[in-house]
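Dumped work00.pdb below, it's PDB, C-alpha atoms:
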```pdb
ATOM      1  CA  MET O 439     -89.836  49.632  66.581
ATOM      2  CA  GLY O 440     -88.549  47.952  69.717
ATOM      3  CA  ASN O 441     -89.213  49.200  73.183
ATOM      4  CA  CYS O 442     -86.635  51.471  74.781
ATOM      5  CA  CYS O 443     -86.579  49.404  77.925
ATOM      6  CA  GLY O 444     -87.499  45.932  79.080
ATOM      7  CA  SER O 445     -89.773  47.263  81.815
ATOM      8  CA  PHE O 446     -92.375  48.192  79.176
ATOM      9  CA  ARG O 447     -92.950  44.473  78.629
ATOM     10  CA  LEU O 448     -94.152  44.110  82.217
ATOM     11  CA  SER O 449     -97.857  44.014  82.950
ATOM     12  CA  ARG O 450     -99.427  47.128  84.407
ATOM     13  CA  LYS O 451     -99.704  45.413  87.783
ATOM     14  CA  ALA O 452     -96.066  44.281  87.718
ATOM     15  CA  LYS O 453     -94.948  47.795  86.852
ATOM     16  CA  ALA O 454     -96.883  49.222  89.768
ATOM     17  CA  GLN O 455     -95.444  46.638  92.147
ATOM     18  CA  ARG O 456     -91.922  47.355  90.988
ATOM     19  CA  LEU O 457     -92.359  51.095  91.392
ATOM     20  CA  GLU O 458     -93.758  50.526  94.863
ATOM     21  CA  GLY O 459     -90.717  48.440  95.751
ATOM     22  CA  TRP O 460     -88.323  51.067  94.441
ATOM     23  CA  ALA O 461     -90.080  53.800  96.404
ATOM     24  CA  ARG O 462     -90.119  51.714  99.589
ATOM     25  CA  THR O 463     -86.453  50.605  99.518
ATOM     26  CA  GLY O 464     -84.865  53.482  97.620
ATOM     27  CA  ILE O 465     -83.035  50.919  95.472
ATOM     28  CA  VAL O 466     -83.713  50.960  91.733
ATOM     29  CA  SER O 467     -82.279  47.985  89.823
ATOM     30  CA  LEU O 468     -82.415  48.142  86.026
ATOM     31  CA  ARG O 469     -79.577  45.806  85.118
ATOM     32  CA  ASP O 470     -79.586  43.984  81.774
ATOM     33  CA  GLU O 471     -82.832  45.497  80.466
ATOM     34  CA  LYS O 472     -81.614  46.779  77.080
ATOM     35  CA  LEU O 473     -82.464  50.338  78.105
ATOM     36  CA  LYS O 474     -81.712  53.095  75.617
ATOM     37  CA  GLU O 475     -82.837  55.822  77.976
ATOM     38  CA  LEU O 476     -83.543  56.182  81.661
ATOM     39  CA  PRO O 477     -87.272  55.578  82.316
ATOM     40  CA  LEU O 478     -89.208  58.680  83.319
ATOM     41  CA  SER O 479     -90.806  56.687  86.126
ATOM     42  CA  VAL O 480     -87.406  56.459  87.852
ATOM     43  CA  VAL O 481     -86.761  60.190  87.706
ATOM     44  CA  GLU O 482     -90.278  60.851  88.995
ATOM     45  CA  LEU O 483     -89.401  58.986  92.207
ATOM     46  CA  GLY O 484     -87.169  61.941  93.015
ATOM     47  CA  SER O 485     -85.567  62.003  96.447
ATOM     48  CA  LYS O 486     -86.890  58.529  97.324
ATOM     49  CA  VAL O 487     -84.059  56.956  95.308
ATOM     50  CA  THR O 488     -80.734  56.342  97.063
ATOM     51  CA  THR O 489     -79.282  53.677  94.739
ATOM     52  CA  LEU O 490     -79.606  53.400  90.970
ATOM     53  CA  ASP O 491     -78.032  50.463  89.156
ATOM     54  CA  ALA O 492     -78.465  50.466  85.378
ATOM     55  CA  THR O 493     -75.489  48.246  84.552
ATOM     56  CA  ASN O 494     -75.274  46.567  81.157
ATOM     57  CA  ASN O 495     -77.772  48.491  79.085
ATOM     58  CA  ARG O 496     -77.593  50.709  75.998
ATOM     59  CA  LEU O 497     -77.694  54.137  77.607
ATOM     60  CA  ARG O 498     -75.926  56.735  75.473
ATOM     61  CA  ASN O 499     -76.820  59.854  77.463
ATOM     62  CA  LEU O 500     -78.295  60.815  80.807
ATOM     63  CA  PRO O 501     -81.182  63.262  81.069
ATOM     64  CA  ALA O 502     -80.595  66.571  82.830
ATOM     65  CA  SER O 503     -83.564  65.623  85.002
ATOM     66  CA  ILE O 504     -81.345  63.118  86.816
ATOM     67  CA  VAL O 505     -80.723  65.970  89.275
ATOM     68  CA  ASP O 506     -84.210  65.278  90.617
ATOM     69  CA  LEU O 507     -82.716  62.210  92.317
ATOM     70  CA  ALA O 508     -81.478  64.500  95.057
ATOM     71  CA  SER O 509     -80.848  61.737  97.633
ATOM     72  CA  LEU O 510     -78.881  59.486  95.278
ATOM     73  CA  GLN O 511     -75.833  57.963  96.989
ATOM     74  CA  ARG O 512     -74.825  55.154  94.614
ATOM     75  CA  LEU O 513     -74.982  55.404  90.822
ATOM     76  CA  ASN O 514     -73.796  52.453  88.742
ATOM     77  CA  LEU O 515     -73.875  52.918  84.971
ATOM     78  CA  ALA O 516     -71.161  50.447  83.983
ATOM     79  CA  LYS O 517     -71.343  48.633  80.646
ATOM     80  CA  ASN O 518     -73.413  51.108  78.688
ATOM     81  CA  VAL O 519     -72.473  53.267  75.688
ATOM     82  CA  LEU O 520     -72.318  56.634  77.427
ATOM     83  CA  VAL O 521     -70.382  59.207  75.422
ATOM     84  CA  GLU O 522     -70.741  62.045  77.901
ATOM     85  CA  ILE O 523     -71.908  62.890  81.398
ATOM     86  CA  PRO O 524     -74.085  66.007  81.778
ATOM     87  CA  SER O 525     -72.585  68.861  83.766
ATOM     88  CA  VAL O 526     -75.599  68.756  86.092
ATOM     89  CA  ILE O 527     -74.063  65.622  87.626
ATOM     90  CA  GLY O 528     -72.302  67.971  90.020
ATOM     91  CA  GLN O 529     -75.641  68.809  91.625
ATOM     92  CA  LEU O 530     -76.067  65.279  92.993
ATOM     93  CA  ALA O 531     -74.526  66.331  96.275
ATOM     94  CA  GLN O 532     -75.184  63.079  98.169
ATOM     95  CA  ILE O 533     -73.374  60.702  95.812
ATOM     96  CA  LYS O 534     -70.710  58.532  97.452
ATOM     97  CA  VAL O 535     -70.175  55.920  94.720
ATOM     98  CA  LEU O 536     -70.074  56.631  90.984
ATOM     99  CA  VAL O 537     -69.308  53.718  88.647
ATOM    100  CA  LEU O 538     -68.898  54.448  84.939
ATOM    101  CA  ASP O 539     -66.656  51.594  83.783
ATOM    102  CA  PHE O 540     -66.955  50.127  80.292
ATOM    103  CA  ASN O 541     -68.477  53.104  78.492
ATOM    104  CA  GLN O 542     -67.277  55.395  75.695
ATOM    105  CA  LEU O 543     -66.455  58.506  77.706
ATOM    106  CA  SER O 544     -63.730  60.725  76.273
ATOM    107  CA  ILE O 545     -64.181  63.672  78.620
ATOM    108  CA  LEU O 546     -65.556  64.417  82.083
ATOM    109  CA  PRO O 547     -67.306  67.642  83.097
ATOM    110  CA  GLU O 548     -65.468  69.938  85.511
ATOM    111  CA  SER O 549     -68.568  69.787  87.681
ATOM    112  CA  ILE O 550     -67.610  66.286  88.789
ATOM    113  CA  GLY O 551     -65.414  68.056  91.306
ATOM    114  CA  ASP O 552     -68.569  69.327  93.019
ATOM    115  CA  LEU O 553     -69.433  65.831  94.276
ATOM    116  CA  SER O 554     -68.011  66.659  97.682
ATOM    117  CA  ARG O 555     -69.116  63.391  99.333
ATOM    118  CA  LEU O 556     -67.775  61.096  96.626
ATOM    119  CA  GLU O 557     -65.738  58.186  98.018
ATOM    120  CA  GLN O 558     -65.406  55.899  95.002
ATOM    121  CA  LEU O 559     -64.993  56.990  91.377
ATOM    122  CA  SER O 560     -64.597  54.209  88.825
ATOM    123  CA  LEU O 561     -63.873  55.138  85.216
ATOM    124  CA  SER O 562     -61.948  52.150  83.868
ATOM    125  CA  PHE O 563     -62.326  50.969  80.277
ATOM    126  CA  ASN O 564     -63.253  54.284  78.665
ATOM    127  CA  ASN O 565     -61.575  56.649  76.183
ATOM    128  CA  LEU O 566     -60.450  59.378  78.572
ATOM    129  CA  SER O 567     -57.352  61.251  77.440
ATOM    130  CA  ASN O 568     -57.294  63.613  80.423
ATOM    131  CA  LEU O 569     -58.935  64.202  83.773
ATOM    132  CA  PRO O 570     -60.376  67.537  84.953
ATOM    133  CA  ASP O 571     -58.360  69.572  87.463
ATOM    134  CA  SER O 572     -61.519  69.788  89.560
ATOM    135  CA  LEU O 573     -60.878  66.234  90.794
ATOM    136  CA  GLY O 574     -58.654  67.837  93.402
ATOM    137  CA  LYS O 575     -61.760  69.115  95.176
ATOM    138  CA  LEU O 576     -62.813  65.555  96.030
ATOM    139  CA  THR O 577     -61.257  65.404  99.485
ATOM    140  CA  MET O 578     -63.498  62.505 100.587
ATOM    141  CA  LEU O 579     -62.461  60.310  97.643
ATOM    142  CA  LYS O 580     -60.894  57.002  98.704
ATOM    143  CA  GLN O 581     -60.756  54.983  95.484
ATOM    144  CA  LEU O 582     -59.947  56.226  91.983
ATOM    145  CA  HIS O 583     -60.073  53.595  89.242
ATOM    146  CA  ILE O 584     -58.967  54.869  85.822
ATOM    147  CA  ALA O 585     -57.426  51.765  84.208
ATOM    148  CA  ARG O 586     -57.675  51.102  80.479
ATOM    149  CA  ASN O 587     -58.066  54.655  79.236
ATOM    150  CA  LYS O 588     -55.870  56.865  77.037
ATOM    151  CA  LEU O 589     -54.339  59.016  79.751
ATOM    152  CA  HIS O 590     -50.921  60.535  79.078
ATOM    153  CA  ALA O 591     -50.759  62.399  82.381
ATOM    154  CA  LEU O 592     -52.482  62.745  85.722
ATOM    155  CA  PRO O 593     -53.400  66.234  86.951
ATOM    156  CA  ASP O 594     -51.350  67.574  89.850
ATOM    157  CA  SER O 595     -54.623  68.391  91.562
ATOM    158  CA  ILE O 596     -55.080  64.706  92.462
ATOM    159  CA  GLY O 597     -52.554  65.411  95.188
ATOM    160  CA  ASP O 598     -55.266  67.470  96.889
ATOM    161  CA  CYS O 599     -57.555  64.435  97.231
ATOM    162  CA  SER O 600     -56.405  64.025 100.802
ATOM    163  CA  GLY O 601     -58.553  60.959 101.519
ATOM    164  CA  LEU O 602     -57.268  58.857  98.599
ATOM    165  CA  GLU O 603     -56.259  55.324  99.568
ATOM    166  CA  GLU O 604     -56.145  53.632  96.161
ATOM    167  CA  ILE O 605     -55.284  54.707  92.625
ATOM    168  CA  GLU O 606     -55.615  52.100  89.880
ATOM    169  CA  ALA O 607     -54.249  53.498  86.616
ATOM    170  CA  THR O 608     -52.963  50.438  84.759
ATOM    171  CA  ASP O 609     -52.983  50.252  80.971
ATOM    172  CA  ASN O 610     -52.680  53.908  80.031
ATOM    173  CA  TYR O 611     -49.953  55.993  78.379
ATOM    174  CA  LEU O 612     -48.572  57.685  81.479
ATOM    175  CA  ASP O 613     -45.000  58.923  81.008
ATOM    176  CA  GLU O 614     -44.528  60.116  84.548
ATOM    177  CA  VAL O 615     -46.108  60.205  87.973
ATOM    178  CA  PRO O 616     -46.922  63.667  89.396
ATOM    179  CA  GLU O 617     -44.789  64.631  92.359
ATOM    180  CA  ALA O 618     -47.969  66.076  93.861
ATOM    181  CA  LEU O 619     -49.099  62.530  94.681
ATOM    182  CA  GLY O 620     -46.544  62.717  97.472
ATOM    183  CA  LYS O 621     -49.114  64.715  99.434
ATOM    184  CA  LEU O 622     -51.388  61.685  99.742
ATOM    185  CA  LYS O 623     -50.676  60.560 103.307
ATOM    186  CA  LYS O 624     -53.417  57.888 103.230
ATOM    187  CA  LEU O 625     -52.482  56.322  99.883
ATOM    188  CA  LYS O 626     -52.049  52.560 100.308
ATOM    189  CA  THR O 627     -52.113  51.263  96.733
ATOM    190  CA  LEU O 628     -50.758  52.751  93.506
ATOM    191  CA  GLY O 629     -51.253  50.588  90.408
ATOM    192  CA  LEU O 630     -49.359  51.728  87.303
ATOM    193  CA  ASP O 631     -48.753  48.546  85.308
ATOM    194  CA  ASN O 632     -48.499  48.818  81.520
ATOM    195  CA  ASN O 633     -47.613  52.476  81.196
ATOM    196  CA  ARG O 634     -44.475  54.388  80.143
ATOM    197  CA  VAL O 635     -43.144  55.360  83.554
ATOM    198  CA  ALA O 636     -39.340  55.573  83.624
ATOM    199  CA  ASN O 637     -38.845  57.142  87.050
ATOM    200  CA  MET O 638     -40.609  57.793  90.335
ATOM    201  CA  PRO O 639     -40.649  61.061  92.319
ATOM    202  CA  PRO O 640     -38.929  60.514  95.688
ATOM    203  CA  ALA O 641     -41.750  62.447  97.369
ATOM    204  CA  ILE O 642     -44.112  59.513  96.760
ATOM    205  CA  LEU O 643     -41.864  56.976  98.474
ATOM    206  CA  VAL O 644     -40.886  59.372 101.269
ATOM    207  CA  ASN O 645     -44.162  61.119 102.056
ATOM    208  CA  CYS O 646     -46.844  58.566 101.210
ATOM    209  CA  VAL O 647     -46.331  56.917 104.572
ATOM    210  CA  ALA O 648     -49.264  54.494 104.192
ATOM    211  CA  LEU O 649     -48.140  53.202 100.768
ATOM    212  CA  GLN O 650     -47.710  49.426 100.843
ATOM    213  CA  THR O 651     -48.472  48.358  97.292
ATOM    214  CA  LEU O 652     -46.730  49.902  94.289
ATOM    215  CA  SER O 653     -47.077  48.075  90.968
ATOM    216  CA  LEU O 654     -45.018  49.140  87.959
ATOM    217  CA  HIS O 655     -44.894  46.039  85.770
ATOM    218  CA  SER O 656     -44.400  46.594  82.037
ATOM    219  CA  ASN O 657     -42.906  50.052  82.422
ATOM    220  CA  PRO O 658     -39.429  51.278  81.400
ATOM    221  CA  ILE O 659     -38.443  51.770  85.038
ATOM    222  CA  THR O 660     -36.007  49.142  86.306
ATOM    223  CA  PRO O 661     -35.570  47.677  89.783
ATOM    224  CA  GLU O 662     -32.160  49.329  89.944
ATOM    225  CA  ILE O 663     -33.637  52.770  89.307
ATOM    226  CA  LEU O 664     -36.460  52.232  91.760
ATOM    227  CA  GLU O 665     -34.191  50.949  94.515
ATOM    228  CA  SER O 666     -31.893  53.952  94.116
ATOM    229  CA  ILE O 667     -34.685  56.454  94.770
ATOM    230  CA  GLU O 668     -34.832  58.122  98.164
ATOM    231  CA  GLY O 669     -37.474  56.497 100.318
ATOM    232  CA  TRP O 670     -37.339  53.074  98.680
ATOM    233  CA  SER O 671     -36.001  51.284 101.752
ATOM    234  CA  ASP O 672     -38.799  52.695 103.930
ATOM    235  CA  PHE O 673     -41.412  51.661 101.362
ATOM    236  CA  GLU O 674     -39.924  48.175 101.138
ATOM    237  CA  LYS O 675     -40.152  47.819 104.925
ATOM    238  CA  ARG O 676     -43.851  48.725 104.799
ATOM    239  CA  ARG O 677     -44.446  46.238 101.984
ATOM    240  CA  GLN O 678     -42.681  43.485 103.897
ATOM    241  CA  THR O 679     -44.592  44.312 107.076
ATOM    242  CA  LYS O 680     -47.886  43.979 105.200
ATOM    243  CA  THR O 681     -46.810  40.588 103.812
ATOM    244  CA  ASN O 682     -45.553  39.336 107.158
ATOM    245  CA  LYS O 683     -48.778  40.328 108.923
ATOM    246  CA  ALA O 684     -50.800  38.454 106.339
ATOM    247  CA  ILE O 685     -48.647  35.345 106.784
ATOM    248  CA  ALA O 686     -48.841  35.602 110.578
ATOM    249  CA  GLY O 687     -52.617  35.816 110.274
ATOM    250  CA  GLY O 688     -52.702  32.518 108.439
ATOM    251  CA  ALA O 689     -53.468  33.949 105.015
ATOM    252  CA  MET O 690     -52.589  31.826 101.984
ATOM    253  CA  LEU O 691     -50.753  34.355  99.834
ATOM    254  CA  SER O 692     -50.679  34.125  96.077
ATOM    255  CA  GLN O 693     -47.542  34.838  94.097
ATOM    256  CA  SER O 694     -48.916  38.291  93.253
ATOM    257  CA  ALA O 695     -49.176  39.090  96.966
ATOM    258  CA  MET O 696     -45.418  38.502  97.279
ATOM    259  CA  ASP O 697     -44.748  40.600  94.193
ATOM    260  CA  GLN O 698     -42.239  43.452  94.510
ATOM    261  CA  GLY O 699     -44.115  45.413  91.870
ATOM    262  CA  VAL O 700     -41.475  45.814  89.186
ATOM    263  CA  ASP O 701     -40.083  43.566  86.436
ATOM    264  CA  ARG O 702     -36.641  42.107  86.982
ATOM    265  CA  ARG O 703     -34.822  41.389  83.767
ATOM    266  CA  THR O 704     -32.825  38.190  83.644
ATOM    267  CA  ASN O 705     -29.853  37.597  81.381
ATOM    268  CA  GLN O 706     -30.404  34.994  78.713
ATOM    269  CA  SER O 707     -27.413  32.652  78.248
TER     270      SER O 707
END
```
What would the structure in this file look like if it were written as structure tokens?
Amino acid sequence: MGNCCGSFRLSRKAKAQRLEGWARTGIVSLRDEKLKELPLSVVELGSKVTTLDATNNRLRNLPASIVDLASLQRLNLAKNVLVEIPSVIGQLAQIKVLVLDFNQLSILPESIGDLSRLEQLSLSFNNLSNLPDSLGKLTMLKQLHIARNKLHALPDSIGDCSGLEEIEATDNYLDEVPEALGKLKKLKTLGLDNNRVANMPPAILVNCVALQTLSLHSNPITPEILESIEGWSDFEKRRQTKTNKAIAGGAMLSQSAMDQGVDRRTNQS
């Protein structure tokens, strides 16, 4: 049988040195080690760990003992084969960054809403068909990345994430955008490319006063519909102001930076 993790191939001295380094810095790096489970030696470090990066392994589950990492602030588990997250995740009260991209998650525990200090939640490239209502409790959340899932709707409770600045939800099956997002006064970017959105609640364009980037490519909504919605002209002014400031600052803007965010259909002769 093969080893469950690459660290077992290290000499006893090398293992001890690595553990000493982890304990001293609080940063545990286990990227690309073919791990099938989280090493017990990591959990035994307890509150000494502030960052755990186990990107690109073969983790399928997390042990309930992960709660022993009581000081954990950054947890990166991208590119594994996780099928679920234990409900005890909500006890990691210090977490600010949680990255779970490129896994096989189909559901999230309601306890994720207990991560009161969470600022970045990245869940792109999974199999999520819905998000828990408890997300609305994450008032410190700034970035929510949920692209490439199987979402048909976003919970209204996201409108209670008062600190949200960016929502990236491209490549899902969203039919509509919740009007509750209009409560997000700090929202700057809303990415909705490749969905099924046919309209936009006026509350988002009117009340999301920081919104400067709205991307709706490959959706049924047309420029004519979007431009007829209350608040469009104010949004367009903000978008133009952002572009003009970048130009004035000497930035070399790509074509995407000049993008109006919606597909214009041209007549074929």
Subject >> Within 8 Å of Ala508 (chain O) using all atoms listed in the file, minus same-chain residues under 3 positions, as a ChimeraX atom specification >> reply: /O:484-485,487,505,530-532
**OP:** Apply the PyMOL selection byres ((chain O and resi 522) around 8) to the file shown and report the selected residues as an MDAnalysis selection string.
**Re:** chainID O and resid 498:499 520:521 523:524 542:546
**OP:** Identify all residues satisfying the PyMOL selection byres ((chain O and resi 494) around 8) in the given file; provide them as a ChimeraX atom specification.
**Re:** /O:469-472,492-493,495-496,515-518
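A straight line drawn from CA of Lys623 (chain O) to CA of Pro661 (chain O) is 24.0 Å long.
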Original post:
To one decimal place, how far is CA of Ser560 (chain O) from CA of Gly464 (chain O) in Å?
Top reply: 22.1 Å
Subject >> O:Lys451, O:Lys675, O:Lys474, O:Lys534 ranked by distance to Leu579 (chain O), top pick (using only C-alpha atoms) >> reply: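 Using only C-alpha atoms, the shortest distance to Leu579 (chain O) belongs to O:Lys534.
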Subject >> Evaluate the PyMOL selection byres ((chain O and resi 549-557) around 7) and report residues as a ChimeraX atom specification >> reply: /O:525,527-528,530-535,547-548,558-559,572-573,575-576,578-581
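Considering only C-alpha atoms, the residue among O:Leu497, O:Ala461, O:Leu612, O:Leu448 positioned nearest to Asn637 (chain O) is O:Leu612.
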Original post:
Could you work out how far CA of Ser567 (chain O) lies from CA of His590 (chain O), giving the answer in Å with one decimal?
Top reply: 6.7 Å
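Using all atoms listed in the file, the smallest distance between any of O:Leu468, O:Leu500, O:Ile663, O:Leu561 and Glu606 (chain O) comes from O:Leu561.
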Original post:
For Asp506 (chain O), which residue among O:Ala648, O:Leu628, O:Val481, O:Val519 is the nearest when counting only C-alpha atoms?
Top reply: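 So, comparing all the options, the nearest one is O:Val481.
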Neighbour list for region 650-657 of chain O as a short mmCIF file (atom, residue, chain, number, x, y, z; two decimals) with C-alpha atoms, in the frame of the given file, cut-off 12 Å, all atoms listed in the file, skip fewer than 4 positions in-chain:
```cif
data_model
loop_
_atom_site.label_atom_id
_atom_site.label_comp_id
_atom_site.auth_asym_id
_atom_site.auth_seq_id
_atom_site.Cartn_x
_atom_site.Cartn_y
_atom_site.Cartn_z
CA GLU O 603 -56.26 55.32 99.57
CA GLU O 604 -56.14 53.63 96.16
CA ILE O 605 -55.28 54.71 92.62
CA GLU O 606 -55.62 52.10 89.88
CA ALA O 607 -54.25 53.50 86.62
CA THR O 608 -52.96 50.44 84.76
CA ASP O 609 -52.98 50.25 80.97
CA ASN O 610 -52.68 53.91 80.03
CA TYR O 611 -49.95 55.99 78.38
CA LEU O 612 -48.57 57.68 81.48
CA ASP O 613 -45.00 58.92 81.01
CA GLU O 614 -44.53 60.12 84.55
CA VAL O 615 -46.11 60.20 87.97
CA LYS O 623 -50.68 60.56 103.31
CA LYS O 624 -53.42 57.89 103.23
CA LEU O 625 -52.48 56.32 99.88
CA LYS O 626 -52.05 52.56 100.31
CA THR O 627 -52.11 51.26 96.73
CA LEU O 628 -50.76 52.75 93.51
CA GLY O 629 -51.25 50.59 90.41
CA LEU O 630 -49.36 51.73 87.30
CA ASP O 631 -48.75 48.55 85.31
CA ASN O 632 -48.50 48.82 81.52
CA ASN O 633 -47.61 52.48 81.20
CA ARG O 634 -44.48 54.39 80.14
CA VAL O 635 -43.14 55.36 83.55
CA ALA O 636 -39.34 55.57 83.62
CA ASN O 637 -38.84 57.14 87.05
CA MET O 638 -40.61 57.79 90.34
CA ILE O 642 -44.11 59.51 96.76
CA LEU O 643 -41.86 56.98 98.47
CA CYS O 646 -46.84 58.57 101.21
CA PRO O 661 -35.57 47.68 89.78
CA ILE O 663 -33.64 52.77 89.31
CA LEU O 664 -36.46 52.23 91.76
CA TRP O 670 -37.34 53.07 98.68
CA SER O 671 -36.00 51.28 101.75
CA ASP O 672 -38.80 52.70 103.93
CA PHE O 673 -41.41 51.66 101.36
CA GLU O 674 -39.92 48.18 101.14
CA LYS O 675 -40.15 47.82 104.92
CA ARG O 676 -43.85 48.72 104.80
CA ARG O 677 -44.45 46.24 101.98
CA GLN O 678 -42.68 43.48 103.90
CA THR O 679 -44.59 44.31 107.08
CA LYS O 680 -47.89 43.98 105.20
CA THR O 681 -46.81 40.59 103.81
CA SER O 694 -48.92 38.29 93.25
CA ALA O 695 -49.18 39.09 96.97
CA MET O 696 -45.42 38.50 97.28
CA ASP O 697 -44.75 40.60 94.19
CA GLN O 698 -42.24 43.45 94.51
CA GLY O 699 -44.12 45.41 91.87
CA VAL O 700 -41.48 45.81 89.19
CA ASP O 701 -40.08 43.57 86.44
CA ARG O 702 -36.64 42.11 86.98
CA ARG O 703 -34.82 41.39 83.77
#
```
